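For reference, entry.cif (mmCIF, C-alpha atoms):
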```cif
data_structure
loop_
_atom_site.label_atom_id
_atom_site.label_comp_id
_atom_site.auth_asym_id
_atom_site.auth_seq_id
_atom_site.Cartn_x
_atom_site.Cartn_y
_atom_site.Cartn_z
CA MET A 1 6.05 -10.15 15.61
CA THR A 2 9.08 -8.91 13.67
CA ALA A 3 11.29 -11.60 15.24
CA THR A 4 8.74 -14.30 14.37
CA ILE A 5 8.50 -13.17 10.74
CA ASP A 6 12.30 -13.04 10.50
CA ARG A 7 12.54 -16.64 11.71
CA ILE A 8 10.05 -17.71 9.02
CA VAL A 9 12.02 -16.20 6.14
CA HIS A 10 15.51 -16.54 7.68
CA PRO A 11 15.47 -20.00 9.29
CA ASP A 12 18.50 -21.32 11.13
CA VAL A 13 18.95 -24.39 8.89
CA ASN A 14 21.57 -25.72 6.50
CA TYR A 15 21.52 -23.90 3.17
CA SER A 16 21.12 -27.18 1.26
CA VAL A 17 17.81 -28.06 2.95
CA ALA A 18 14.69 -28.30 0.77
CA THR A 19 11.68 -26.11 1.53
CA GLY A 20 8.04 -27.02 0.94
CA HIS A 21 6.70 -23.61 -0.08
CA ARG A 22 6.58 -24.48 -3.78
CA LYS A 23 4.53 -27.65 -3.21
CA ILE A 24 2.09 -25.84 -0.91
CA GLY A 25 1.69 -22.96 -3.37
CA LEU A 26 1.13 -25.31 -6.30
CA GLY A 27 -1.41 -27.31 -4.28
CA ILE A 28 -3.42 -24.20 -3.37
CA GLY A 29 -3.21 -23.04 -6.97
CA ALA A 30 -4.58 -26.37 -8.21
CA ILE A 31 -7.54 -26.17 -5.81
CA ALA A 32 -8.21 -22.58 -6.95
CA LEU A 33 -8.16 -23.74 -10.56
CA MET A 34 -10.79 -26.40 -9.81
CA ILE A 35 -12.99 -23.79 -8.11
CA GLY A 36 -12.55 -21.62 -11.21
CA MET A 37 -13.81 -24.50 -13.37
CA VAL A 38 -16.89 -24.75 -11.14
CA VAL A 39 -17.46 -21.01 -11.58
CA ALA A 40 -17.18 -21.43 -15.36
CA GLY A 41 -19.86 -24.13 -15.18
CA LEU A 42 -22.09 -21.83 -13.13
CA GLY A 43 -21.58 -19.12 -15.73
CA ILE A 44 -22.73 -21.43 -18.53
CA TYR A 45 -25.75 -22.43 -16.46
CA ALA A 46 -26.57 -18.77 -15.74
CA ALA A 47 -26.35 -17.99 -19.47
CA SER A 48 -28.94 -20.70 -20.17
CA LEU A 49 -31.36 -19.02 -17.75
CA VAL A 50 -31.17 -15.58 -19.37
CA GLY A 51 -34.49 -14.64 -20.94
CA SER A 52 -36.36 -17.55 -19.34
CA ALA A 53 -39.56 -16.35 -17.70
CA GLY A 54 -39.81 -17.30 -14.05
CA ASP A 55 -36.12 -18.07 -13.68
CA GLU A 56 -34.99 -14.56 -12.71
CA GLY A 57 -34.62 -15.53 -9.06
CA THR A 58 -32.58 -18.62 -9.87
CA LEU A 59 -30.39 -16.57 -12.22
CA GLY A 60 -29.70 -14.06 -9.45
CA GLN A 61 -28.83 -16.83 -7.01
CA VAL A 62 -26.43 -18.50 -9.43
CA LEU A 63 -24.69 -15.20 -10.21
CA ALA A 64 -24.36 -14.37 -6.49
CA ILE A 65 -22.78 -17.75 -5.70
CA ALA A 66 -20.54 -17.52 -8.77
CA PHE A 67 -19.31 -14.05 -7.74
CA GLY A 68 -18.31 -15.21 -4.27
CA LEU A 69 -16.59 -18.35 -5.56
CA ASN A 70 -14.83 -16.55 -8.41
CA THR A 71 -13.25 -13.90 -6.18
CA THR A 72 -12.29 -16.58 -3.67
CA ALA A 73 -10.54 -18.60 -6.40
CA LEU A 74 -8.64 -15.53 -7.60
CA VAL A 75 -7.48 -14.74 -4.07
CA MET A 76 -6.43 -18.36 -3.55
CA LEU A 77 -4.26 -18.06 -6.68
CA LYS A 78 -2.72 -14.84 -5.35
CA SER A 79 -2.18 -16.49 -1.96
CA ALA A 80 -0.39 -19.33 -3.74
CA ILE A 81 1.87 -16.74 -5.39
CA ALA A 82 2.54 -15.21 -1.96
CA ILE A 83 3.50 -18.58 -0.45
CA ILE A 84 5.89 -19.33 -3.32
CA LEU A 85 7.42 -15.86 -2.87
CA VAL A 86 7.98 -16.69 0.80
CA GLY A 87 9.87 -19.76 -0.39
CA ILE A 88 11.97 -17.57 -2.71
CA LEU A 89 12.73 -15.22 0.19
CA VAL A 90 13.79 -18.16 2.37
CA ARG A 91 15.97 -19.46 -0.45
CA ILE A 92 17.64 -16.05 -0.85
CA TRP A 93 18.79 -16.11 2.78
CA LEU A 94 19.91 -19.72 2.49
CA ARG A 95 21.82 -18.71 -0.64
CA VAL A 96 23.52 -15.94 1.33
CA GLU A 97 24.85 -18.55 3.76
CA SER A 98 25.93 -20.68 0.80
CA MET A 99 27.82 -17.76 -0.75
CA LYS A 100 29.57 -17.03 2.54
CA ALA A 101 30.73 -20.63 2.65
CA SER A 102 31.74 -21.09 -1.00
CA LEU A 103 32.83 -17.71 -2.37
CA PRO A 104 36.12 -17.46 -0.39
CA ALA A 105 37.41 -20.52 -2.26
CA LEU A 106 36.49 -18.97 -5.63
CA LYS A 107 37.70 -15.45 -4.91
CA ALA A 108 40.89 -14.38 -6.69
CA ASP A 109 43.85 -13.82 -4.35
CA ALA A 110 44.35 -10.06 -4.39
CA GLU A 111 45.03 -7.26 -1.93
CA VAL A 112 42.01 -5.04 -1.43
CA GLY A 113 44.10 -2.05 -0.37
CA ASN A 114 42.62 1.35 0.40
CA TYR A 115 39.35 2.29 -1.24
CA ARG A 116 37.12 5.33 -1.29
CA THR A 117 33.67 5.11 0.31
CA GLY A 118 30.69 7.13 -0.84
CA ASP A 119 28.56 7.44 -3.96
CA ILE A 120 29.51 5.83 -7.26
CA ASP A 121 27.86 5.12 -10.62
CA THR A 122 27.47 1.59 -11.97
CA ASP A 123 25.98 0.05 -15.10
CA PHE A 124 22.91 -0.77 -13.00
CA GLY A 125 22.39 2.67 -11.48
CA PRO A 126 23.76 4.84 -8.63
CA ALA A 127 25.33 2.92 -5.74
CA THR A 128 27.24 3.52 -2.52
CA VAL A 129 30.47 2.02 -1.24
CA SER A 130 30.78 1.37 2.51
CA THR A 131 32.74 -0.76 4.93
CA LYS A 132 29.70 -2.43 6.50
CA ALA A 133 26.58 -4.14 5.19
CA PRO A 134 23.71 -1.63 4.89
CA ASP A 135 20.96 -1.46 7.51
CA ARG A 136 17.37 -2.10 6.50
CA MET A 137 15.57 0.91 5.08
CA PRO A 138 12.27 1.94 6.78
CA ILE A 139 10.18 0.56 3.90
CA HIS A 140 12.06 -2.74 4.15
CA LYS A 141 11.41 -2.96 7.89
CA MET A 142 7.71 -2.37 7.25
CA ALA A 143 7.63 -4.91 4.43
CA ASN A 144 9.39 -7.61 6.45
CA THR A 145 6.88 -7.14 9.28
CA MET A 146 3.63 -6.61 7.37
CA TRP A 147 3.51 -9.22 4.61
CA GLY A 148 2.28 -11.94 6.99
CA PRO A 149 -0.53 -9.99 8.71
CA MET A 150 -1.67 -8.54 5.37
CA LEU A 151 -1.94 -12.00 3.82
CA LEU A 152 -3.84 -13.39 6.81
CA MET A 153 -6.28 -10.46 6.97
CA GLY A 154 -6.83 -10.56 3.20
CA VAL A 155 -7.79 -14.23 3.26
CA MET A 156 -10.10 -13.62 6.24
CA PHE A 157 -11.92 -10.77 4.46
CA VAL A 158 -12.42 -12.87 1.34
CA VAL A 159 -13.77 -15.84 3.30
CA ALA A 160 -16.14 -13.50 5.16
CA GLY A 161 -17.31 -12.14 1.80
CA LEU A 162 -17.85 -15.69 0.53
CA VAL A 163 -20.10 -16.46 3.51
CA VAL A 164 -22.06 -13.22 2.97
CA SER A 165 -22.49 -14.13 -0.73
CA TRP A 166 -24.62 -17.08 0.38
CA ILE A 167 -26.88 -14.64 2.24
CA TRP A 168 -27.01 -12.56 -0.94
CA ALA A 169 -27.99 -15.66 -2.96
CA ALA A 170 -30.70 -16.61 -0.45
CA ASN A 171 -32.26 -13.13 -0.52
CA VAL A 172 -32.10 -12.10 -4.19
CA GLY A 173 -34.63 -9.37 -5.01
CA THR A 174 -34.97 -8.13 -1.42
CA SER A 175 -33.40 -5.27 0.51
CA THR A 176 -31.47 -7.85 2.56
CA GLY A 177 -30.08 -9.25 -0.69
CA LEU A 178 -28.96 -5.81 -1.85
CA GLY A 179 -27.20 -5.17 1.43
CA ALA A 180 -25.51 -8.59 1.34
CA ARG A 181 -24.43 -7.91 -2.26
CA ALA A 182 -22.69 -4.69 -1.22
CA TRP A 183 -21.04 -6.35 1.78
CA THR A 184 -19.86 -9.26 -0.41
CA GLN A 185 -18.22 -6.99 -2.98
CA GLY A 186 -16.72 -4.65 -0.42
CA LEU A 187 -15.28 -7.43 1.75
CA GLN A 188 -13.90 -9.54 -1.07
CA PHE A 189 -12.23 -6.69 -2.91
CA LEU A 190 -10.79 -5.38 0.34
CA GLY A 191 -9.38 -8.87 0.83
CA GLU A 192 -7.96 -8.85 -2.71
CA GLY A 193 -6.30 -5.51 -1.98
CA PHE A 194 -4.73 -6.87 1.21
CA VAL A 195 -3.46 -10.03 -0.51
CA LEU A 196 -1.94 -8.03 -3.38
CA SER A 197 -0.39 -5.71 -0.80
CA SER A 198 1.07 -8.78 0.92
CA ILE A 199 2.62 -9.82 -2.40
CA SER A 200 3.97 -6.28 -2.79
CA PHE A 201 5.48 -6.40 0.69
CA LEU A 202 7.02 -9.80 -0.09
CA LEU A 203 8.63 -8.38 -3.23
CA ALA A 204 9.96 -5.48 -1.13
CA SER A 205 11.27 -8.06 1.37
CA ILE A 206 13.04 -9.87 -1.49
CA LEU A 207 14.66 -6.59 -2.48
CA SER A 208 15.60 -6.08 1.16
CA GLY A 209 17.10 -9.58 1.32
CA LEU A 210 19.12 -9.04 -1.85
CA ARG A 211 20.41 -5.71 -0.54
CA GLU A 212 21.15 -6.81 3.00
CA GLY A 213 22.38 -10.30 2.11
CA GLY A 214 24.64 -9.02 -0.65
CA GLY A 215 26.18 -6.60 1.80
CA GLU A 216 26.74 -9.36 4.37
CA VAL A 217 28.57 -11.51 1.81
CA GLN A 218 30.87 -8.65 0.77
CA GLU A 219 31.54 -7.67 4.39
CA ALA A 220 32.31 -11.29 5.35
CA LEU A 221 34.96 -11.37 2.61
CA GLY A 222 36.55 -8.17 3.90
CA LEU A 223 35.69 -6.32 0.69
CA PRO A 224 34.22 -2.87 0.09
CA VAL A 225 30.44 -3.22 0.30
CA VAL A 226 28.86 -1.92 -2.91
CA THR A 227 25.09 -1.38 -2.61
CA LEU A 228 22.64 -0.04 -5.15
CA LYS A 229 20.67 3.02 -4.11
CA MET A 230 16.87 2.85 -4.14
CA PRO A 231 15.98 3.63 -7.78
CA PRO A 232 13.04 5.83 -8.89
CA MET A 233 11.27 2.69 -10.12
CA ALA A 234 11.23 1.27 -6.60
CA LYS A 235 9.94 4.55 -5.17
CA ALA A 236 7.13 4.56 -7.76
CA PHE A 237 6.33 0.96 -6.75
CA VAL A 238 5.81 2.04 -3.13
CA VAL A 239 3.58 4.96 -4.19
CA LEU A 240 1.41 2.78 -6.45
CA MET A 241 1.06 0.12 -3.76
CA MET A 242 -0.07 2.65 -1.14
CA MET A 243 -2.50 4.32 -3.56
CA GLY A 244 -4.02 0.98 -4.58
CA LEU A 245 -4.44 -0.16 -0.97
CA MET A 246 -6.05 3.14 0.01
CA ILE A 247 -8.55 2.83 -2.85
CA GLU A 248 -9.52 -0.68 -1.71
CA ILE A 249 -10.06 0.56 1.85
CA VAL A 250 -12.16 3.49 0.57
CA GLN A 251 -14.27 1.27 -1.69
CA PHE A 252 -15.03 -0.96 1.30
CA GLY A 253 -16.27 2.04 3.27
CA LEU A 254 -18.39 3.21 0.33
CA TYR A 255 -19.96 -0.23 -0.10
CA ILE A 256 -20.92 -0.15 3.57
CA TYR A 257 -22.40 3.31 2.95
CA ILE A 258 -24.65 2.18 0.08
CA THR A 259 -26.20 -0.53 2.28
CA THR A 260 -28.10 2.33 3.92
CA PHE A 261 -29.82 3.31 0.64
CA ASN A 262 -33.55 2.63 0.38
CA ASP A 263 -33.73 3.86 -3.22
CA LEU A 264 -32.85 1.12 -5.75
CA ALA A 265 -32.00 3.66 -8.48
CA ARG A 266 -29.53 5.43 -6.19
CA TYR A 267 -28.04 2.09 -5.13
CA THR A 268 -27.60 1.09 -8.78
CA LEU A 269 -26.00 4.44 -9.66
CA TRP A 270 -23.38 4.13 -6.92
CA SER A 271 -22.73 0.45 -7.75
CA SER A 272 -22.11 1.33 -11.41
CA TRP A 273 -19.02 3.43 -10.60
CA LEU A 274 -17.86 1.59 -7.50
CA GLY A 275 -17.05 -1.45 -9.67
CA PRO A 276 -14.50 0.38 -11.88
CA PHE A 277 -13.21 2.27 -8.83
CA ARG A 278 -12.33 -0.93 -6.95
CA GLU A 279 -10.74 -2.37 -10.11
CA LEU A 280 -8.60 0.79 -10.36
CA GLY A 281 -7.19 0.02 -6.93
CA LEU A 282 -6.27 -3.52 -7.99
CA GLY A 283 -4.77 -2.15 -11.20
CA LEU A 284 -2.52 0.24 -9.28
CA LEU A 285 -1.37 -2.58 -7.01
CA LEU A 286 -0.58 -4.79 -10.00
CA ALA A 287 1.27 -1.93 -11.75
CA GLY A 288 3.37 -1.51 -8.61
CA ILE A 289 4.13 -5.24 -8.60
CA ILE A 290 5.40 -4.95 -12.20
CA LEU A 291 7.78 -2.17 -11.13
CA ALA A 292 8.93 -4.23 -8.14
CA LEU A 293 9.72 -7.22 -10.38
CA ALA A 294 11.66 -4.98 -12.76
CA THR A 295 13.62 -3.61 -9.79
CA ILE A 296 14.40 -7.15 -8.59
CA ALA A 297 15.65 -8.05 -12.08
CA ASN A 298 18.00 -5.06 -12.01
CA ALA A 299 19.22 -5.91 -8.50
CA LEU A 300 19.94 -9.50 -9.53
CA GLY A 301 21.90 -8.29 -12.55
CA PHE A 302 23.96 -6.03 -10.29
CA GLN A 303 24.68 -8.84 -7.84
CA PHE A 304 25.70 -11.31 -10.56
CA ASN A 305 28.05 -8.66 -11.95
CA ARG A 306 29.48 -8.00 -8.47
CA ILE A 307 30.07 -11.72 -7.83
CA ARG A 308 31.89 -12.00 -11.16
CA ASP A 309 34.14 -9.08 -10.21
CA ILE A 310 34.92 -10.69 -6.84
CA VAL A 311 35.79 -14.03 -8.45
CA VAL A 312 37.89 -12.49 -11.25
CA THR A 313 39.60 -9.57 -9.49
CA GLY A 314 39.30 -10.52 -5.82
CA LYS A 315 37.93 -7.08 -4.89
#
```

Spit out the file's structure as structure tokens when you get a sec.
Amino acid sequence: MTATIDRIVHPDVNYSVATGHRKIGLGIGAIALMIGMVVAGLGIYAASLVGSAGDEGTLGQVLAIAFGLNTTALVMLKSAIAIILVGILVRIWLRVESMKASLPALKADAEVGNYRTGDIDTDFGPATVSTKAPDRMPIHKMANTMWGPMLLMGVMFVVAGLVVSWIWAANVGTSTGLGARAWTQGLQFLGEGFVLSSISFLLASILSGLREGGGEVQEALGLPVVTLKMPPMAKAFVVLMMMGLMIEIVQFGLYIYITTFNDLARYTLWSSWLGPFRELGLGLLLAGIILALATIANALGFQFNRIRDIVVTGK
């Protein structure tokens, strides 16, 4: 599986070749936007039914269908983000090959001489100097392997929840409907958690590509390989991602648990706090993504600065 994923993000093609990830991501995003417009229309229709005697069943059906479609549209948007990030990751590796081909002609002619390896401080944080490109860190190996399966499983869970939402809509006001409602929410938010985790793993893979690819370029030029150390922000990103994913797995188990309730009041009580609980998991995942993006921005700044030094000083 690892070899297959590596071939997807590190294809053996010319670095000037165009990739279609952006078009695919934009297409999926456009479809998700249209579904969102349908959900908005269902919401307006549901609002017109509020307070109308005899329409309670129809209102429940509309809300059930709208819930399933709304979560599906949101996950489609996140999947579109993931596909575009795959394209960025592919482009990073193609850019590495481009830098290997073009940077020698731009590099200043200078003797590297002897240099000291080990830890150093830079304007972008602590770094290490070595003679070889760095190996992948354990979290990077996991990220490079897991983003694909996580995305696939997330989409599958959301689609399953969408199908169950139709059962919920067809059985509003019955015990079957309550059970289907719990399954719908549990499945779809588990799917959301998996898709956001896939995005998190893709961002970690981008960081891995910047780190590993930058090292390969420096090594190919016969220069000391300067690599940023993993900053506290990146470590916090990993912690938040794991916490958020665990919460989404737990909420799924709890939603399955409440399908066994025969008491409507007890079911309602548990549902009232399970909603914010599942949103907390998504919030932690999104907070981790913010930290990952900030870490990528810092890594890019470091690499641009390193390239400038190579061009100007030749070492």

Per residue of region 130-220 of chain A within 10 Å of region 281-290 of chain A, record the nearest atom pair and its distance in Å to one decimal, counting all atoms listed in the file, with rows in chain order and ascending residue number, as a Markdown table.
```
| residue | atom | partner | partner_atom | distance |
| --- | --- | --- | --- | --- |
| A:Phe189 | CA | A:Leu282 | CA | 8.4 |
| A:Leu190 | CA | A:Leu282 | CA | 9.7 |
| A:Glu192 | CA | A:Leu282 | CA | 7.7 |
| A:Gly193 | CA | A:Leu282 | CA | 6.3 |
| A:Phe194 | CA | A:Leu285 | CA | 9.9 |
| A:Leu196 | CA | A:Leu285 | CA | 6.6 |
| A:Ser197 | CA | A:Leu285 | CA | 7.0 |
| A:Ile199 | CA | A:Ile289 | CA | 7.9 |
| A:Ser200 | CA | A:Ile289 | CA | 5.9 |
| A:Phe201 | CA | A:Ile289 | CA | 9.5 |
| A:Leu203 | CA | A:Ile289 | CA | 7.7 |
| A:Ala204 | CA | A:Ile289 | CA | 9.5 |
```

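Across A:Pro232, A:Gly57, A:Gly43, A:Gly214, the tightest approach to Thr174 (chain A) is made by A:Gly57 when counting all atoms listed in the file.
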
- Task: Find the residues around Gly60 (chain A) up to 9 Å (all atoms listed in the file counted), leave out those fewer than 2 positions away in its own chain, and share them as a ChimeraX atom specification.
- Result: /A:46,55-58,62-65,169,172-173

Translate the PyMOL selection byres ((chain A and resi 87) around 10), as applied to the file shown, into an explicit residue set as an MDAnalysis selection string. chainID A and resid 8:9 18:25 81:86 88:92

### Query
Can you tell me, as a PyMOL selection string, what residues are no more than 10 Å from Asn171 (chain A) when counting all atoms listed in the file, ignoring any on the same chain fewer than 3 positions away?
chain A and resi 57+60-61+64+165-168+174-181

Dump of C-alpha atoms for the selected residues, as a short mmCIF file (atom, residue, chain, number, x, y, z; two decimals), keeping the file's coordinate frame:
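Writing the result to result_9.cif gives the following:
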```cif
data_model
loop_
_atom_site.label_atom_id
_atom_site.label_comp_id
_atom_site.auth_asym_id
_atom_site.auth_seq_id
_atom_site.Cartn_x
_atom_site.Cartn_y
_atom_site.Cartn_z
CA GLY A 57 -34.62 -15.53 -9.06
CA GLY A 60 -29.70 -14.06 -9.45
CA GLN A 61 -28.83 -16.83 -7.01
CA ALA A 64 -24.36 -14.37 -6.49
CA SER A 165 -22.49 -14.13 -0.73
CA TRP A 166 -24.62 -17.08 0.38
CA ILE A 167 -26.88 -14.64 2.24
CA TRP A 168 -27.01 -12.56 -0.94
CA THR A 174 -34.97 -8.13 -1.42
CA SER A 175 -33.40 -5.27 0.51
CA THR A 176 -31.47 -7.85 2.56
CA GLY A 177 -30.08 -9.25 -0.69
CA LEU A 178 -28.96 -5.81 -1.85
CA GLY A 179 -27.20 -5.17 1.43
CA ALA A 180 -25.51 -8.59 1.34
CA ARG A 181 -24.43 -7.91 -2.26
#
```

In Å and to one decimal, CA of Ala265 (chain A) is distant from CA of Leu162 (chain A) by 25.6 Å

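Picture a line from CA of Asp109 (chain A) to CA of Val217 (chain A); it runs 16.6 Å.
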
note - CA of Ile258 (chain A) and CA of Gly161 (chain A) are separated by 16.2 Å

Counting only C-alpha atoms, figure out which residue out of A:Val195, A:Arg116, A:Val225, A:Gly301 gets nearest to Gly244 (chain A).
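Closest to Gly244 (chain A) of all the choices is A:Val195.
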
* Asked: Could you write out as a list in words the residues that the PyMOL selection byres ((chain A and resi 132) around 9) matches in the shown file?
  -> Val129, Ser130, Thr131, Ala133, Pro134, Asp135, Gly215, Glu216, Gln218, Glu219, Pro224 and Val225 of chain A

Ile307 (chain A) proximity check over A:Val226, A:Val75, A:Ala32, A:Val238, using all atoms listed in the file: winner is A:Val226
